[in-house]
Amino acid sequence: MPNTDQTPIIQIKGLNKTFKSDASAVVALDDINIDIMHGEIFGVIGLSGAGKSTLVRCINLLERPTAGQVIFDGRDMTQLSAKELRRARQSIGMIFQGFNLLMQRNALDNICFPLELAGVSRKAAVKRAEELLETVGLSDKAKSYPSQLSGGQKQRIAIARALANNPKVLLCDEATSALDPTTTQSILALLKELNQKLGVTVVIITHEMKVIEQICSRVAIIAESRIVEMGMVEDVFRHPKTAAAKKLIYPMGQQVETFTGKGNFVRLVFNGDVTARPIVADMVLTCGAPVSIAFADTKEIDGMTYGQMILQMPDNPATYQRMLNYLDDEGIPYNEEGESYVQ
Amino acid sequence: MFSEQMILVTLQGLGESLYMTLLSTLVAYIIGLPLGLILVVTDKNGIHPNAPVNQILGAIINILRSVPFLILLVAIIPFTRLIAGTSIGSTATVVPLVIAAAPFVARVVEGSIKEVDRGVIEASLSMGASTMQVVRKVLVPEAMPSLLTGLALSLTTILSYSAMAGFVAGGGLGAIAINYGYYRKETDIMLLMVVILVIIVQVFQGIGNWIARRADKRIH
Ligand SMILES: Nc1ncnc2c1ncn2[C@@H]1O[C@H](COP(=O)(O)OP(=O)(O)OP(=O)(O)O)[C@@H](O)[C@H]1O
Ligand SMILES: [Mg+2]
C-alpha cells in the first residue's frame, strides 16, 4: 500500500444512528468506531440491512448521526455550519449503485456540475472535465447523454464527476453491485489505479467478498448495526472469529457438516494470487498419500484461481504435516478446520 | 352564417381568447412555479423540510382549487375592479383566471418536480450543493420535459376556463358562443366556436408534447 501513511483521514467515534418514527425507532448504527487512514482502500462489508449505507452516509452527513463524531481531515463534521459542511463535502467524492447522473446533461456537463457548484469558471470546468474524461477512458463520450451509455460507462462518468474537485476521499456505496462481473473488475481496477495515482483514500461499501478481496487493504464487517470484526483483509477473511463474519464469508454455510472420526478438514483459499494448476494432484504426488475433496468452489479468471476448496486430509499426523508444509511452500493460504467445516 | 361581420367577430374573439389564455398562463406560472417548488422543497422528505410553510401553503392551494371557477369569477368582482379598473372584458378576466390557475399550476409543477430521482438529488447534496443550487441546477432542469408537458396541460385548462368566463361577459370565443348560441339560438355559430376551441387545444397540446419530447435527453 504505497500511499498509506498511518494518520487517519476519517475518524468515526462512538457513532450512533437511530431512525425514529412516530411508532418505533430503528437503531441502524450502534457505537461504531473506525479510523480510516490516508491513502488506504478501506472496505465495509455486511448483509442487506446491516447499516452499510447509513454508515457511509453519516461520513458526509447526508445522514446526521444521532450521537458520536465523524472527524474528517481534523474537523468534526457534526459541528460544521451548513456552509462549512457544503465546502467539506466538496472534498469527499461519492459514487452510488444507481450512478445518479443528471439525465438531462451530457457526460461532459455532468462532470462540470460539481465544478459549477464550487464556482469554477465554465472554461476551467470544461478543461478539467476533459482531463477527467481522459482519466476514466471515455474522451469519446463527452457529448453522450447518460441514457446512451452502458452501466460501466455511467459509473466511469460518475467517478470522474466525484473526482472533479480533487477530493481527499472517495466514498463508494455498492458502486459495482449493478454491474456484470467483467465490468465490475474494470471499475475496481480503475478505483485502485486512482488510489495509487492520486493518493485518494477510498471507502468501499459492498456485500460482495470478492470486491473487498480484490482491492481493499483493510475491512470492517458490519452486522446488525455493529462492527463485529475489523483488520487486514487476509486476516479477517482467513480467520473469521465471529458467527456473523463466518456467515458472511461462507455464505452457503447455514448447516455445519460433521464427519465422524475420519481425518481433518483443511480449507484452501485462492485469492487469485496463484496460477491455475493442479495443486491438489501435485500435493498428493509429492506427499505420497491421497486426500479427498469434500467441497470445491473455484474458478479460473485470467489464468488465476479464485475461490475455495475443502480437503479431507490423511489421518497420519506426519503426512498431514507434510501436506501443510507443501501448502506453505506453495504460498497457498489455508485454514485448519478440524473435524467439521462449514460450506 | 359566414358574413364578413361574423368573420371579424370570430377573429376578434380568437385574439381575445389567446390573449387571455397566454397572459393568464404567464402570470399563473410566475406565481405557481415558485409555489410548486416550495411545496416540494419543504415537504417532509424534501431537501429543506418545513412543516408549517408546507401545510399552510398546501391548505391555501386546496381551498382555492375547490372553489368552482364561476363562483370565484363572481365573488372576486370587487377585487378584479380594483386591479384591472373594470370587471368586464378580456383584461379583467385575466384576474380571476390567474387566481384560479396559479394553484392549479403549483400542483402541476409539484407533480413534475417530484418525479426527479431522489438519488440524483442526494448526489448533488453529496457534492456540496446548496438548496438553491439543487432547485436551479437539478430540480428544474431534470424535470424540464415534464414541466413542459405540464405547461401544455395548464394552457389548455386555462383556455377552457377563459371560455367559461365568457358567461360573465369576459370576451373571447366563449362569450361569442354564449351570445349567439345560447341567447340567440344560433347553434351553428356556437358549434363553430367549440370547433375552434377544440383546434386550439389540439395545437397547444401537440406543440407542447413535441417540445417536451425534443427536450428530453432520456430517450434519444
Ligand atoms: N431513512 C430511514 N428511515 C428509517 N429507517 C431507515 C432509514 N434508512 C435506513 N433505515 C434502516 O436502517 C437499517 C440499515 O439500513 P441501510 O440502508 O444502512 O442498510 P444496508 O446495509 O445499506 O443494506 P443494503 O445492502 O440493502 O443496501 C435498516 O434496518 C433500514 O431499514
Ligand atoms: Mg445500502
# chains A, B, ... in the order shown; residues from 1 in each chain; ligands from 1

call {"tool": "interface_residues", "arguments": {"of": "chain A", "to": "chain B", "cutoff": "9 Å", "atoms": "only C-alpha atoms", "output": "ChimeraX atom specification"}}
result
/A:57,60-62,82-83,85-96,98-106,113-114,117-118,145-148,162,165

call {"tool": "residues_near_ligand", "arguments": {"ligand": "ligand 2", "cutoff": "9 Å", "atoms": "only C-alpha atoms and all ligand atoms", "output": "PyMOL selection string"}}
result
chain A and resi 48-54+56+97+173-174+205-207

call {"tool": "residues_around", "arguments": {"residues": "Arg226 (chain A)", "least_positions_apart": "2", "cutoff": "12 Å", "atoms": "only C-alpha atoms", "output": "VMD selection string"}}
result
chain A and resid 14 to 17 27 to 34 44 to 47 49 to 52 54 to 55 220 to 224 228 to 230 244 to 245

call {"tool": "residues_around", "arguments": {"residues": "Leu108 (chain A)", "least_positions_apart": "2", "cutoff": "8 Å", "atoms": "only C-alpha atoms", "output": "MDAnalysis selection string"}}
result
chainID A and resid 105:106 110:112 126 129:130 133 142:143

call {"tool": "atom_distance", "arguments": {"atom1": "CA of Pro8 (chain A)", "atom2": "CA of Ser81 (chain A)"}}
result
22.8 Å

call {"tool": "select_by_dssp", "arguments": {"residues": "region 8-58 of chain A", "states": "alpha helix (DSSP H)", "output": "PyMOL selection string"}}
result
chain A and resi 52-58

call {"tool": "write_last_selection", "arguments": {"atoms": "all heavy atoms", "output": "compact mmCIF listing (two decimals), in the first residue's frame"}}
result
# COMPACT_ATOMS: atom_id res chain seq x y z
N LYS A 52 -24.79 -0.52 6.28
CA LYS A 52 -23.65 -0.04 5.47
C LYS A 52 -23.92 1.34 4.86
O LYS A 52 -23.09 2.23 4.98
CB LYS A 52 -23.36 -1.03 4.33
CG LYS A 52 -23.12 -2.45 4.76
CD LYS A 52 -22.78 -3.34 3.57
CE LYS A 52 -23.94 -3.54 2.59
NZ LYS A 52 -25.08 -4.27 3.15
N SER A 53 -25.06 1.46 4.18
CA SER A 53 -25.34 2.74 3.52
C SER A 53 -25.47 3.85 4.55
O SER A 53 -25.00 4.97 4.34
CB SER A 53 -26.62 2.65 2.70
OG SER A 53 -26.46 1.73 1.66
N THR A 54 -26.11 3.53 5.65
CA THR A 54 -26.26 4.54 6.70
C THR A 54 -24.90 4.99 7.19
O THR A 54 -24.65 6.19 7.38
CB THR A 54 -27.10 3.97 7.86
OG1 THR A 54 -28.29 3.42 7.33
CG2 THR A 54 -27.44 5.04 8.87
N LEU A 55 -23.98 4.04 7.36
CA LEU A 55 -22.63 4.37 7.83
C LEU A 55 -21.94 5.31 6.85
O LEU A 55 -21.40 6.36 7.24
CB LEU A 55 -21.81 3.08 8.00
CG LEU A 55 -20.33 3.26 8.34
CD1 LEU A 55 -20.17 4.05 9.63
CD2 LEU A 55 -19.64 1.91 8.47
N VAL A 56 -21.98 4.98 5.56
CA VAL A 56 -21.25 5.80 4.60
C VAL A 56 -21.93 7.16 4.46
O VAL A 56 -21.27 8.19 4.28
CB VAL A 56 -21.09 5.07 3.25
CG1 VAL A 56 -22.35 5.04 2.45
CG2 VAL A 56 -19.96 5.66 2.44
N ARG A 57 -23.25 7.20 4.60
CA ARG A 57 -23.97 8.47 4.51
C ARG A 57 -23.74 9.35 5.73
O ARG A 57 -23.91 10.57 5.67
CB ARG A 57 -25.46 8.23 4.29
CG ARG A 57 -25.76 7.63 2.89
CD ARG A 57 -27.10 6.93 2.87
NE ARG A 57 -28.14 7.79 3.37
CZ ARG A 57 -28.73 8.73 2.64
NH1 ARG A 57 -28.41 8.89 1.40
NH2 ARG A 57 -29.65 9.50 3.18
N CYS A 58 -23.38 8.72 6.84
CA CYS A 58 -23.03 9.50 8.03
C CYS A 58 -21.66 10.17 7.87
O CYS A 58 -21.37 11.16 8.53
CB CYS A 58 -23.02 8.63 9.28
SG CYS A 58 -24.67 8.36 9.96

call {"tool": "atom_distance", "arguments": {"atom1": "CA of Thr286 (chain A)", "atom2": "CA of Gly338 (chain A)"}}
result
22.9 Å

call {"tool": "atom_distance", "arguments": {"atom1": "CA of Phe237 (chain A)", "atom2": "CA of Thr176 (chain A)"}}
result
20.4 Å

call {"tool": "closest_residue", "arguments": {"among": "B:Asn45, B:Leu39, B:Ile7, B:Gly171", "to": "ligand 1", "atoms": "only C-alpha atoms and all ligand atoms"}}
result
B:Asn45

call {"tool": "residues_around", "arguments": {"residues": "Asn62 (chain B)", "least_positions_apart": "6", "cutoff": "12 Å", "atoms": "only C-alpha atoms", "output": "ChimeraX atom specification"}}
result
/B:55-56,68,100,102-104,106-107

call {"tool": "residues_around", "arguments": {"residues": "Leu311 (chain A)", "least_positions_apart": "4", "cutoff": "10 Å", "atoms": "only C-alpha atoms", "output": "list in words"}}
result
Gly263, Asn264, Phe265, Val266, Arg267, Leu268, Val280, Val291, Ser292, Ile293, Ala294, Phe295, Ala296, Glu336 and Glu337 of chain A

call {"tool": "write_last_selection", "arguments": {"atoms": "N, CA, C and O atoms", "output": "PDB file, in the first residue's frame"}}
result
ATOM      1  N   GLY A 263     -10.279 -38.129   9.939  1.00  0.00           N
ATOM      2  CA  GLY A 263      -9.406 -37.102   9.388  1.00  0.00           C
ATOM      3  C   GLY A 263      -9.754 -35.669   9.740  1.00  0.00           C
ATOM      4  O   GLY A 263     -10.734 -35.394  10.436  1.00  0.00           O
ATOM      5  N   ASN A 264      -8.940 -34.774   9.215  1.00  0.00           N
ATOM      6  CA  ASN A 264      -9.110 -33.351   9.461  1.00  0.00           C
ATOM      7  C   ASN A 264      -9.428 -32.639   8.151  1.00  0.00           C
ATOM      8  O   ASN A 264      -8.960 -33.025   7.103  1.00  0.00           O
ATOM      9  N   PHE A 265     -10.197 -31.592   8.312  1.00  0.00           N
ATOM     10  CA  PHE A 265     -10.523 -30.798   7.134  1.00  0.00           C
ATOM     11  C   PHE A 265      -9.642 -29.567   7.065  1.00  0.00           C
ATOM     12  O   PHE A 265      -9.363 -28.932   8.075  1.00  0.00           O
ATOM     13  N   VAL A 266      -9.227 -29.254   5.858  1.00  0.00           N
ATOM     14  CA  VAL A 266      -8.432 -28.044   5.640  1.00  0.00           C
ATOM     15  C   VAL A 266      -9.076 -27.255   4.505  1.00  0.00           C
ATOM     16  O   VAL A 266      -9.448 -27.818   3.479  1.00  0.00           O
ATOM     17  N   ARG A 267      -9.201 -25.999   4.784  1.00  0.00           N
ATOM     18  CA  ARG A 267      -9.801 -25.132   3.758  1.00  0.00           C
ATOM     19  C   ARG A 267      -8.700 -24.380   3.017  1.00  0.00           C
ATOM     20  O   ARG A 267      -7.874 -23.715   3.631  1.00  0.00           O
ATOM     21  N   LEU A 268      -8.663 -24.540   1.687  1.00  0.00           N
ATOM     22  CA  LEU A 268      -7.717 -23.770   0.885  1.00  0.00           C
ATOM     23  C   LEU A 268      -8.443 -22.556   0.326  1.00  0.00           C
ATOM     24  O   LEU A 268      -9.576 -22.665  -0.128  1.00  0.00           O
ATOM     25  N   VAL A 280      -3.746 -29.780  -5.960  1.00  0.00           N
ATOM     26  CA  VAL A 280      -4.080 -30.934  -5.128  1.00  0.00           C
ATOM     27  C   VAL A 280      -3.372 -32.185  -5.647  1.00  0.00           C
ATOM     28  O   VAL A 280      -2.755 -32.949  -4.890  1.00  0.00           O
ATOM     29  N   VAL A 291      -5.864 -37.612  -0.699  1.00  0.00           N
ATOM     30  CA  VAL A 291      -6.811 -36.787   0.067  1.00  0.00           C
ATOM     31  C   VAL A 291      -8.125 -36.847  -0.694  1.00  0.00           C
ATOM     32  O   VAL A 291      -8.156 -37.201  -1.865  1.00  0.00           O
ATOM     33  N   SER A 292      -9.227 -36.525  -0.024  1.00  0.00           N
ATOM     34  CA  SER A 292     -10.451 -36.390  -0.812  1.00  0.00           C
ATOM     35  C   SER A 292     -10.961 -34.952  -0.743  1.00  0.00           C
ATOM     36  O   SER A 292     -10.788 -34.254   0.258  1.00  0.00           O
ATOM     37  N   ILE A 293     -11.533 -34.567  -1.838  1.00  0.00           N
ATOM     38  CA  ILE A 293     -12.056 -33.196  -1.913  1.00  0.00           C
ATOM     39  C   ILE A 293     -13.492 -33.230  -1.404  1.00  0.00           C
ATOM     40  O   ILE A 293     -14.369 -33.853  -1.991  1.00  0.00           O
ATOM     41  N   ALA A 294     -13.708 -32.578  -0.250  1.00  0.00           N
ATOM     42  CA  ALA A 294     -15.044 -32.586   0.342  1.00  0.00           C
ATOM     43  C   ALA A 294     -15.929 -31.531  -0.299  1.00  0.00           C
ATOM     44  O   ALA A 294     -17.141 -31.675  -0.384  1.00  0.00           O
ATOM     45  N   PHE A 295     -15.270 -30.488  -0.743  1.00  0.00           N
ATOM     46  CA  PHE A 295     -16.051 -29.388  -1.303  1.00  0.00           C
ATOM     47  C   PHE A 295     -15.122 -28.526  -2.138  1.00  0.00           C
ATOM     48  O   PHE A 295     -13.955 -28.346  -1.778  1.00  0.00           O
ATOM     49  N   ALA A 296     -15.598 -28.053  -3.269  1.00  0.00           N
ATOM     50  CA  ALA A 296     -14.770 -27.150  -4.068  1.00  0.00           C
ATOM     51  C   ALA A 296     -15.644 -26.144  -4.774  1.00  0.00           C
ATOM     52  O   ALA A 296     -16.695 -26.483  -5.306  1.00  0.00           O
ATOM     53  N   GLU A 336      -7.026 -24.560   9.031  1.00  0.00           N
ATOM     54  CA  GLU A 336      -7.349 -25.892   9.549  1.00  0.00           C
ATOM     55  C   GLU A 336      -8.717 -25.834  10.214  1.00  0.00           C
ATOM     56  O   GLU A 336      -8.934 -25.064  11.131  1.00  0.00           O
ATOM     57  N   GLU A 337      -9.608 -26.630   9.698  1.00  0.00           N
ATOM     58  CA  GLU A 337     -10.994 -26.538  10.143  1.00  0.00           C
ATOM     59  C   GLU A 337     -11.323 -27.548  11.240  1.00  0.00           C
ATOM     60  O   GLU A 337     -12.398 -27.492  11.825  1.00  0.00           O
TER      61      GLU A 337
END

call {"tool": "closest_residue", "arguments": {"among": "A:Cys172, A:Ala124, A:Met313, A:Ile159", "to": "ligand 1", "atoms": "only C-alpha atoms and all ligand atoms"}}
result
A:Cys172

call {"tool": "residues_around", "arguments": {"residues": "Leu190 (chain A)", "least_positions_apart": "4", "cutoff": "9 Å", "atoms": "only C-alpha atoms", "output": "list in words"}}
result
Val136, Arg156, Gln185, Ser186, Leu194 and Asn195 of chain A

call {"tool": "closest_residue", "arguments": {"among": "A:Leu132, A:Ile10, A:Val120, A:Val233", "to": "Asp76 (chain A)", "atoms": "only C-alpha atoms"}}
result
A:Ile10
